[in-house]
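Q: Quick one, coords37.cif (mmCIF, C-alpha atoms):
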data_data
loop_
_atom_site.label_atom_id
_atom_site.label_comp_id
_atom_site.auth_asym_id
_atom_site.auth_seq_id
_atom_site.Cartn_x
_atom_site.Cartn_y
_atom_site.Cartn_z
CA MET A 3 23.40 -25.37 26.36
CA ARG A 4 21.40 -25.96 23.12
CA VAL A 5 18.97 -23.16 24.03
CA LYS A 6 21.91 -20.84 24.67
CA LYS A 7 23.44 -21.66 21.26
CA LEU A 8 20.11 -20.99 19.54
CA PHE A 9 19.79 -17.65 21.33
CA ILE A 10 23.32 -16.64 20.24
CA LEU A 11 22.53 -17.67 16.64
CA PHE A 12 19.27 -15.69 16.63
CA SER A 13 21.12 -12.66 18.04
CA LEU A 14 23.53 -12.83 15.10
CA LEU A 15 20.61 -12.90 12.65
CA VAL A 16 18.61 -10.07 14.22
CA SER A 17 19.38 -6.56 15.42
CA VAL A 18 16.89 -4.06 16.82
CA VAL A 19 16.65 -0.25 16.61
CA ILE A 20 14.10 1.52 18.80
CA PHE A 21 12.30 4.69 17.70
CA GLY A 22 9.57 6.65 19.43
CA GLY A 23 6.51 4.42 19.39
CA TYR A 24 7.94 1.57 17.30
CA LEU A 25 11.11 -0.36 16.56
CA THR A 26 12.72 -1.95 13.52
CA VAL A 27 14.25 -5.40 13.34
CA THR A 28 17.07 -6.09 10.89
CA TYR A 29 16.97 -9.73 9.83
CA VAL A 30 19.74 -11.54 7.92
CA ILE A 31 18.27 -13.82 5.26
CA GLN A 32 19.35 -17.46 5.53
CA SER A 33 19.49 -20.18 2.91
CA GLY A 34 16.01 -21.60 2.40
CA ASP A 35 14.21 -18.51 3.70
CA ASN A 36 11.17 -17.27 1.81
CA LEU A 37 9.10 -14.14 2.20
CA TYR A 38 6.01 -15.96 3.43
CA ASP A 39 7.84 -17.73 6.26
CA ILE A 40 9.72 -14.60 7.36
CA ALA A 41 6.47 -12.62 7.42
CA LYS A 42 4.83 -15.35 9.48
CA LYS A 43 7.78 -15.50 11.90
CA PHE A 44 7.59 -11.77 12.63
CA LYS A 45 3.77 -11.62 12.45
CA VAL A 46 3.63 -9.08 9.64
CA SER A 47 2.34 -9.27 6.08
CA ALA A 48 4.61 -9.86 3.09
CA SER A 49 3.40 -6.49 1.75
CA THR A 50 4.79 -4.75 4.82
CA ILE A 51 8.23 -6.29 4.29
CA LEU A 52 8.19 -5.33 0.60
CA ASP A 53 7.17 -1.77 1.42
CA TRP A 54 10.10 -1.38 3.83
CA ASN A 55 12.69 -3.03 1.57
CA ASN A 56 13.86 -2.90 -2.03
CA LEU A 57 13.90 -6.55 -3.04
CA SER A 58 14.69 -7.11 -6.72
CA ASN A 59 12.99 -10.51 -6.69
CA PRO A 60 10.81 -11.23 -3.63
CA LEU A 61 10.45 -14.87 -4.72
CA LYS A 62 14.23 -15.43 -4.70
CA LEU A 63 15.77 -14.01 -1.54
CA LYS A 64 19.56 -13.88 -1.32
CA PRO A 65 21.27 -15.41 1.76
CA GLY A 66 23.17 -12.77 3.70
CA GLN A 67 20.88 -9.98 2.54
CA GLN A 68 19.52 -7.79 5.34
CA ILE A 69 15.90 -6.73 5.51
CA THR A 70 14.11 -4.33 7.83
CA ILE A 71 10.90 -5.34 9.59
CA PRO A 72 8.81 -2.95 11.74
CA GLN A 73 7.39 -3.92 15.12
CA PRO A 74 4.52 -3.40 15.54
CA GLU A 75 3.47 -3.75 11.92
CA GLY A 76 3.04 -0.46 10.09
CA PHE A 77 4.28 1.84 7.35
CA ILE A 78 6.38 4.98 7.00
CA TYR A 79 5.16 8.13 5.29
CA ASN A 80 7.65 10.87 4.38
CA VAL A 81 6.02 14.26 4.92
CA LYS A 82 5.98 16.53 1.87
CA GLN A 83 5.42 20.25 1.45
CA GLY A 84 1.71 21.00 1.91
CA ASP A 85 0.97 17.84 3.91
CA SER A 86 -0.92 17.97 7.18
CA LEU A 87 -1.85 15.27 9.65
CA TYR A 88 -5.39 15.65 8.34
CA THR A 89 -4.42 14.85 4.71
CA ILE A 90 -2.08 12.01 5.76
CA ALA A 91 -4.80 10.46 7.92
CA ARG A 92 -7.06 10.40 4.87
CA MET A 93 -4.35 8.73 2.76
CA PHE A 94 -4.18 5.85 5.22
CA PHE A 95 -7.92 5.87 6.00
CA THR A 96 -7.13 6.41 9.66
CA THR A 97 -7.38 9.27 12.18
CA VAL A 98 -5.15 12.14 13.23
CA SER A 99 -5.22 10.94 16.82
CA ASP A 100 -3.92 7.51 15.79
CA ILE A 101 -0.97 9.08 13.98
CA MET A 102 -0.19 11.43 16.85
CA LEU A 103 -0.27 8.59 19.37
CA ALA A 104 1.93 6.31 17.26
CA ASN A 105 4.54 9.03 16.80
CA GLU A 106 4.32 10.50 20.31
CA LEU A 107 3.36 13.94 18.92
CA SER A 108 2.18 16.55 21.40
CA SER A 109 0.81 18.82 18.64
CA ASP A 110 -0.34 18.49 15.03
CA PHE A 111 2.72 20.40 13.75
CA ILE A 112 4.70 18.46 11.13
CA LYS A 113 7.36 19.53 8.61
CA PRO A 114 8.60 18.34 5.20
CA GLY A 115 11.10 15.50 5.48
CA GLN A 116 9.65 14.21 8.73
CA ARG A 117 9.04 10.44 8.85
CA LEU A 118 5.74 9.34 10.34
CA PHE A 119 4.91 5.79 11.40
CA ILE A 120 1.37 4.62 10.59
CA PRO A 121 0.42 1.46 12.53
CA GLN A 122 -1.25 -1.28 10.52
CA LYS A 123 -3.91 -1.74 13.21
CA SER A 124 -5.18 1.81 12.64
CA ILE A 125 -5.34 1.63 8.83
CA GLY A 126 -8.74 1.12 7.23
CA LYS A 127 -10.87 2.61 9.99
CA ALA A 128 -12.37 4.86 7.33
CA PHE A 129 -12.71 2.40 4.44
CA ASN A 130 -16.20 2.65 2.97
CA THR A 131 -17.27 -1.00 2.86
CA GLU A 132 -20.89 -0.52 1.81
CA LYS A 133 -20.12 -2.34 -1.47
CA GLY A 134 -17.86 -5.26 -2.36
CA TYR A 135 -15.13 -2.85 -3.50
CA ILE A 136 -13.40 -0.12 -1.47
CA TRP A 137 -11.68 2.94 -2.89
CA PRO A 138 -8.02 1.96 -3.42
CA ILE A 139 -6.68 5.41 -2.58
CA TYR A 140 -7.87 8.74 -1.28
CA GLY A 141 -7.53 11.23 -4.12
CA VAL A 142 -9.27 13.24 -6.83
CA ILE A 143 -10.69 11.76 -10.04
CA SER A 144 -8.59 13.35 -12.77
CA SER A 145 -9.86 11.36 -15.76
CA PRO A 146 -13.08 9.30 -15.93
CA TYR A 147 -13.78 6.02 -17.71
CA GLY A 148 -14.74 6.35 -21.38
CA TRP A 149 -13.84 8.40 -24.42
CA ARG A 150 -11.46 11.31 -23.89
CA VAL A 151 -8.66 13.31 -25.48
CA HIS A 152 -5.51 11.48 -24.43
CA PRO A 153 -3.41 13.78 -22.18
CA VAL A 154 -0.13 12.76 -23.87
CA ASN A 155 -0.81 12.23 -27.59
CA LYS A 156 -3.85 14.57 -27.67
CA GLN A 157 -5.80 12.05 -29.76
CA MET A 158 -9.35 10.86 -29.06
CA SER A 159 -9.16 7.43 -27.40
CA PHE A 160 -11.07 5.19 -25.03
CA HIS A 161 -9.89 5.32 -21.42
CA SER A 162 -10.27 1.83 -19.96
CA GLY A 163 -10.10 2.86 -16.31
CA LEU A 164 -10.42 5.60 -13.76
CA ASP A 165 -7.52 7.95 -13.02
CA ILE A 166 -7.27 9.11 -9.42
CA ALA A 167 -4.71 11.85 -8.76
CA ALA A 168 -2.81 11.75 -5.45
CA PRO A 169 0.66 12.72 -4.21
CA GLU A 170 3.52 10.36 -4.99
CA GLY A 171 3.96 7.87 -2.18
CA THR A 172 0.25 7.68 -1.34
CA PRO A 173 -0.56 4.10 -0.30
CA ILE A 174 -2.63 1.96 -2.66
CA PHE A 175 -4.91 -0.62 -1.06
CA SER A 176 -6.45 -3.63 -2.74
CA SER A 177 -10.04 -2.78 -3.61
CA THR A 178 -11.13 -6.38 -3.14
CA SER A 179 -9.71 -9.74 -2.16
CA GLY A 180 -8.08 -12.02 -4.72
CA VAL A 181 -4.76 -13.37 -5.99
CA VAL A 182 -1.98 -11.28 -7.56
CA SER A 183 -1.69 -12.40 -11.19
CA PHE A 184 0.84 -9.77 -12.32
CA ALA A 185 3.28 -7.48 -10.52
CA GLY A 186 5.85 -5.63 -12.59
CA GLU A 187 6.31 -3.27 -15.52
CA LYS A 188 3.79 -3.36 -18.35
CA SER A 189 4.03 -0.95 -21.31
CA GLY A 190 2.00 2.24 -20.80
CA TYR A 191 0.82 1.15 -17.36
CA GLY A 192 4.34 1.50 -15.97
CA LEU A 193 4.66 -0.43 -12.74
CA MET A 194 1.40 -2.34 -12.44
CA VAL A 195 -0.33 -4.80 -10.13
CA GLU A 196 -3.12 -7.06 -11.36
CA VAL A 197 -5.41 -8.88 -8.94
CA LYS A 198 -7.82 -11.61 -10.03
CA SER A 199 -11.00 -12.19 -8.06
CA SER A 200 -13.40 -14.84 -9.45
CA ASN A 201 -14.46 -13.48 -12.88
CA ASN A 202 -13.03 -10.01 -12.23
CA THR A 203 -9.56 -8.61 -12.89
CA ILE A 204 -8.45 -5.36 -11.26
CA ARG A 205 -5.45 -3.40 -12.55
CA TYR A 206 -3.53 -0.74 -10.64
CA GLY A 207 -1.18 1.27 -12.86
CA HIS A 208 1.60 3.89 -12.75
CA LEU A 209 2.90 2.83 -9.31
CA SER A 210 6.18 4.11 -7.89
CA LYS A 211 6.62 0.92 -5.86
CA ILE A 212 5.05 -2.54 -5.80
CA THR A 213 4.55 -4.31 -2.47
CA VAL A 214 3.08 -7.66 -3.55
CA TYR A 215 4.30 -10.64 -5.57
CA VAL A 216 2.69 -12.93 -8.15
CA GLY A 217 0.68 -15.67 -6.47
CA GLN A 218 0.16 -13.72 -3.25
CA LYS A 219 -3.31 -13.87 -1.76
CA VAL A 220 -4.52 -10.41 -0.82
CA GLU A 221 -7.45 -9.25 1.24
CA ARG A 222 -9.52 -6.14 0.74
CA GLY A 223 -7.32 -3.38 2.18
CA THR A 224 -3.93 -5.07 1.62
CA LEU A 225 -1.21 -2.60 0.62
CA LEU A 226 -0.37 -3.18 -3.06
CA GLY A 227 2.10 -0.36 -3.56
CA ARG A 228 2.52 3.40 -3.70
CA VAL A 229 1.27 6.04 -6.13
CA GLY A 230 3.71 7.13 -8.80
CA SER A 231 3.94 8.35 -12.38
CA THR A 232 5.62 5.45 -14.20
CA GLY A 233 4.72 4.48 -17.75
CA VAL A 234 2.76 6.87 -19.95
CA SER A 235 1.74 9.47 -17.38
CA THR A 236 1.66 13.22 -16.92
CA GLY A 237 1.80 13.21 -13.12
CA PRO A 238 1.32 11.11 -9.98
CA HIS A 239 -1.94 9.18 -10.08
CA LEU A 240 -3.45 5.71 -9.93
CA HIS A 241 -4.97 4.13 -13.02
CA PHE A 242 -7.71 1.89 -11.62
CA GLU A 243 -9.16 -0.54 -14.14
CA VAL A 244 -11.76 -3.29 -13.66
CA LEU A 245 -12.47 -6.10 -16.10
CA VAL A 246 -15.49 -8.38 -15.76
CA ASN A 247 -15.24 -11.50 -17.95
CA ASP A 248 -12.31 -9.83 -19.77
CA SER A 249 -14.26 -6.66 -20.66
CA THR A 250 -13.63 -3.34 -18.95
CA VAL A 251 -16.43 -1.72 -16.97
CA ASN A 252 -16.79 1.67 -15.35
CA PRO A 253 -15.20 1.30 -11.88
CA LEU A 254 -17.65 3.88 -10.50
CA ALA A 255 -20.42 1.30 -10.91
CA LEU A 256 -18.67 -0.96 -8.40
CA LEU A 257 -17.21 1.56 -5.94
CA PRO A 258 -19.03 3.42 -3.17
CA SER A 259 -20.06 7.00 -3.95
CA SER A 260 -17.14 9.30 -4.76
CA ASN A 261 -18.56 11.64 -2.11
CA LYS A 262 -18.05 8.92 0.50
CA VAL A 263 -14.50 7.69 -0.04
CA TYR A 264 -13.49 8.24 3.59
CA VAL A 265 -16.15 7.06 6.06
CA LEU A 266 -15.40 6.45 9.73
CA LYS A 267 -17.36 3.81 11.56
CA GLU A 268 -19.72 4.99 14.25
CA GLY A 269 -18.00 5.80 17.53
CA ILE A 270 -14.53 6.41 16.01
CA GLU A 271 -13.01 9.87 16.29
CA ALA A 272 -12.76 11.56 12.91
CA ALA A 273 -9.55 12.85 11.35
CA GLY A 274 -9.01 16.39 12.51
CA GLY A 275 -11.88 16.16 14.96
CA GLU A 276 -14.65 16.37 12.34
#
Is it possible to give me this structure as structure tokens?
A:
Amino acid sequence: MRVKKLFILFSLLVSVVIFGGYLTVTYVIQSGDNLYDIAKKFKVSASTILDWNNLSNPLKLKPGQQITIPQPEGFIYNVKQGDSLYTIARMFFTTVSDIMLANELSSDFIKPGQRLFIPQKSIGKAFNTEKGYIWPIYGVISSPYGWRVHPVNKQMSFHSGLDIAAPEGTPIFSSTSGVVSFAGEKSGYGLMVEVKSSNNTIRYGHLSKITVYVGQKVERGTLLGRVGSTGVSTGPHLHFEVLVNDSTVNPLALLPSSNKVYVLKEGIEAAGGE
């Protein structure tokens, strides 16, 4: 009888919707719940839950609030004009075949507005791990580290990071492991995430969405948020800044070659069949 009551209670807290290749669970937050325990219960990361839901304060969940959790773990990408499976695969450092399989696609035809599911298990197949840092996004360097004419005020100023242009909504992955020391809005950075790793501090600026919380331990490759244009910005891009002992350094000195951002491991099919 007790087992039956527990099953009925769990059924009231959870509802399931099945899509092609994946399903979503809607969970009703209970008093005493926290993000870490919910993530552990459903075997997903806290970052995945934050990416799927708009939680005003992830450290203070409200009882009765409903959150969506994907099974298996993964992320949604909304197709935009000009996207192809090839470009989307590069954004997630995965392969076209992985995306097609996860979404039960019989061809590589996609259209704007289409929602694609990207499984967590396929992400990172093409991270270049030859150095301690990985590239946080796949994009184009739009402004290097050092002195430049500021794109907004047109004055000569020192650029403390590396700007990488990419479409809004592009996933941003933690370049290295560490602990989130800041996650929120910060002056010209807009929405920003700061990760501390031993003597290094890494800043990710101008996000459209943050998917981590202060105090969260992150691994290399953890989703931190999505590319945006918040703060002082002229278009969607990531401001990637590295401080060593509180002084900024050129991120290019720590990252793999900019010609090798996307590198598939031997024996894995390349995106687009390359």
Q: Excluding same-chain residues fewer than 4 positions from A:Glu196, what lies within 8 Å of it counting all atoms listed in the file, as a PyMOL selection string?
A: chain A and resi 182-185+203-206
Q: One decimal, Å: what's the distance from atom CA of A:Gly186 over to atom CA of A:His208, could you say?
A: 10.4 Å
Q: Translate the PyMOL selection byres ((chain A and resi 129) around 12) into a concrete residue list for this structure, as a PyMOL selection string.
A: chain A and resi 91-97+124-128+130-140+175-178+222-224+257-258+262-267
Q: Write out the residues from the selection above, keeping C-alpha atoms, as a PDB file, in the coordinates of the input.
A:
ATOM      1  CA  ALA A  91      -4.800  10.460   7.920  1.00  0.00           C
ATOM      2  CA  ARG A  92      -7.060  10.400   4.870  1.00  0.00           C
ATOM      3  CA  MET A  93      -4.350   8.730   2.760  1.00  0.00           C
ATOM      4  CA  PHE A  94      -4.180   5.850   5.220  1.00  0.00           C
ATOM      5  CA  PHE A  95      -7.920   5.870   6.000  1.00  0.00           C
ATOM      6  CA  THR A  96      -7.130   6.410   9.660  1.00  0.00           C
ATOM      7  CA  THR A  97      -7.380   9.270  12.180  1.00  0.00           C
ATOM      8  CA  SER A 124      -5.180   1.810  12.640  1.00  0.00           C
ATOM      9  CA  ILE A 125      -5.340   1.630   8.830  1.00  0.00           C
ATOM     10  CA  GLY A 126      -8.740   1.120   7.230  1.00  0.00           C
ATOM     11  CA  LYS A 127     -10.870   2.610   9.990  1.00  0.00           C
ATOM     12  CA  ALA A 128     -12.370   4.860   7.330  1.00  0.00           C
ATOM     13  CA  ASN A 130     -16.200   2.650   2.970  1.00  0.00           C
ATOM     14  CA  THR A 131     -17.270  -1.000   2.860  1.00  0.00           C
ATOM     15  CA  GLU A 132     -20.890  -0.520   1.810  1.00  0.00           C
ATOM     16  CA  LYS A 133     -20.120  -2.340  -1.470  1.00  0.00           C
ATOM     17  CA  GLY A 134     -17.860  -5.260  -2.360  1.00  0.00           C
ATOM     18  CA  TYR A 135     -15.130  -2.850  -3.500  1.00  0.00           C
ATOM     19  CA  ILE A 136     -13.400  -0.120  -1.470  1.00  0.00           C
ATOM     20  CA  TRP A 137     -11.680   2.940  -2.890  1.00  0.00           C
ATOM     21  CA  PRO A 138      -8.020   1.960  -3.420  1.00  0.00           C
ATOM     22  CA  ILE A 139      -6.680   5.410  -2.580  1.00  0.00           C
ATOM     23  CA  TYR A 140      -7.870   8.740  -1.280  1.00  0.00           C
ATOM     24  CA  PHE A 175      -4.910  -0.620  -1.060  1.00  0.00           C
ATOM     25  CA  SER A 176      -6.450  -3.630  -2.740  1.00  0.00           C
ATOM     26  CA  SER A 177     -10.040  -2.780  -3.610  1.00  0.00           C
ATOM     27  CA  THR A 178     -11.130  -6.380  -3.140  1.00  0.00           C
ATOM     28  CA  ARG A 222      -9.520  -6.140   0.740  1.00  0.00           C
ATOM     29  CA  GLY A 223      -7.320  -3.380   2.180  1.00  0.00           C
ATOM     30  CA  THR A 224      -3.930  -5.070   1.620  1.00  0.00           C
ATOM     31  CA  LEU A 257     -17.210   1.560  -5.940  1.00  0.00           C
ATOM     32  CA  PRO A 258     -19.030   3.420  -3.170  1.00  0.00           C
ATOM     33  CA  LYS A 262     -18.050   8.920   0.500  1.00  0.00           C
ATOM     34  CA  VAL A 263     -14.500   7.690  -0.040  1.00  0.00           C
ATOM     35  CA  TYR A 264     -13.490   8.240   3.590  1.00  0.00           C
ATOM     36  CA  VAL A 265     -16.150   7.060   6.060  1.00  0.00           C
ATOM     37  CA  LEU A 266     -15.400   6.450   9.730  1.00  0.00           C
ATOM     38  CA  LYS A 267     -17.360   3.810  11.560  1.00  0.00           C
TER      39      LYS A 267
END
Q: To test your reading of the syntax: which residues would the PyMOL selection byres ((chain A and resi 68) around 8) return for the file shown? Reply as a PDB file with C-alpha atoms, in the coordinates of the input.
A:
ATOM      1  CA  THR A  28      17.070  -6.090  10.890  1.00  0.00           C
ATOM      2  CA  TYR A  29      16.970  -9.730   9.830  1.00  0.00           C
ATOM      3  CA  VAL A  30      19.740 -11.540   7.920  1.00  0.00           C
ATOM      4  CA  ILE A  31      18.270 -13.820   5.260  1.00  0.00           C
ATOM      5  CA  GLY A  66      23.170 -12.770   3.700  1.00  0.00           C
ATOM      6  CA  GLN A  67      20.880  -9.980   2.540  1.00  0.00           C
ATOM      7  CA  ILE A  69      15.900  -6.730   5.510  1.00  0.00           C
ATOM      8  CA  THR A  70      14.110  -4.330   7.830  1.00  0.00           C
TER       9      THR A  70
END
Q: List as an mmCIF file with C-alpha atoms, keeping the file's coordinate frame the protein and nucleic acid residues near A:Ser58, meaning an atom at most 12 Å away when all atoms listed in the file are counted, but skip any in the same chain fewer than 4 places from it.
A:
data_model
loop_
_atom_site.group_PDB
_atom_site.id
_atom_site.type_symbol
_atom_site.label_atom_id
_atom_site.label_comp_id
_atom_site.auth_asym_id
_atom_site.auth_seq_id
_atom_site.Cartn_x
_atom_site.Cartn_y
_atom_site.Cartn_z
ATOM 1 C CA LEU A 52 8.190 -5.330 0.600
ATOM 2 C CA LYS A 62 14.230 -15.430 -4.700
ATOM 3 C CA LEU A 63 15.770 -14.010 -1.540
ATOM 4 C CA LYS A 64 19.560 -13.880 -1.320
ATOM 5 C CA GLN A 67 20.880 -9.980 2.540
ATOM 6 C CA GLY A 186 5.850 -5.630 -12.590
ATOM 7 C CA LYS A 211 6.620 0.920 -5.860
ATOM 8 C CA ILE A 212 5.050 -2.540 -5.800
ATOM 9 C CA THR A 213 4.550 -4.310 -2.470
ATOM 10 C CA TYR A 215 4.300 -10.640 -5.570
#
Q: Check which residues of stretch 184-216 of chain A sit at most 9 Å from stretch 235-239 of chain A using only C-alpha atoms, and return one row each with the closest pair of atoms and their distance in Å to one decimal, ordered by chain and rising number, as a Markdown table.
A:
| residue | atom | partner | partner_atom | distance |
| --- | --- | --- | --- | --- |
| A:Gly190 | CA | A:Ser235 | CA | 8.0 |
| A:Tyr191 | CA | A:Ser235 | CA | 8.4 |
| A:Gly192 | CA | A:Ser235 | CA | 8.5 |
| A:Gly207 | CA | A:His239 | CA | 8.4 |
| A:His208 | CA | A:His239 | CA | 6.9 |
| A:Leu209 | CA | A:His239 | CA | 8.0 |
| A:Ser210 | CA | A:Pro238 | CA | 8.8 |
Q: Can I get a file of stretch 63-76 of chain A from the given structure, N, CA and C atoms kept, as a compact mmCIF listing (two decimals), in the first residue's frame?
A:
# COMPACT_ATOMS: atom_id res chain seq x y z
N LEU A 63 14.49 27.90 -5.22
CA LEU A 63 13.39 27.39 -6.03
C LEU A 63 12.07 27.57 -5.29
N LYS A 64 11.01 27.83 -6.06
CA LYS A 64 9.70 28.09 -5.46
C LYS A 64 8.83 26.82 -5.51
N PRO A 65 8.34 26.35 -4.36
CA PRO A 65 7.44 25.20 -4.35
C PRO A 65 6.22 25.44 -5.24
N GLY A 66 5.87 24.42 -6.01
CA GLY A 66 4.74 24.53 -6.93
C GLY A 66 5.16 24.93 -8.34
N GLN A 67 6.36 25.46 -8.47
CA GLN A 67 6.87 25.84 -9.79
C GLN A 67 7.15 24.59 -10.60
N GLN A 68 6.88 24.64 -11.89
CA GLN A 68 7.11 23.50 -12.77
C GLN A 68 8.36 23.73 -13.61
N ILE A 69 9.19 22.71 -13.70
CA ILE A 69 10.38 22.79 -14.54
C ILE A 69 10.40 21.63 -15.52
N THR A 70 11.03 21.86 -16.66
CA THR A 70 11.13 20.85 -17.70
C THR A 70 12.53 20.24 -17.70
N ILE A 71 12.58 18.91 -17.79
CA ILE A 71 13.84 18.19 -17.78
C ILE A 71 13.85 17.21 -18.94
N PRO A 72 14.87 17.26 -19.81
CA PRO A 72 14.92 16.34 -20.96
C PRO A 72 15.48 14.98 -20.57
N GLN A 73 14.98 13.96 -21.23
CA GLN A 73 15.47 12.60 -21.08
C GLN A 73 15.58 11.97 -22.47
N PRO A 74 16.74 11.56 -22.93
CA PRO A 74 18.02 11.68 -22.24
C PRO A 74 18.47 13.13 -22.16
N GLU A 75 19.56 13.37 -21.45
CA GLU A 75 20.06 14.73 -21.30
C GLU A 75 20.50 15.30 -22.64
N GLY A 76 20.16 16.57 -22.86
CA GLY A 76 20.53 17.23 -24.10
C GLY A 76 19.98 18.63 -24.15
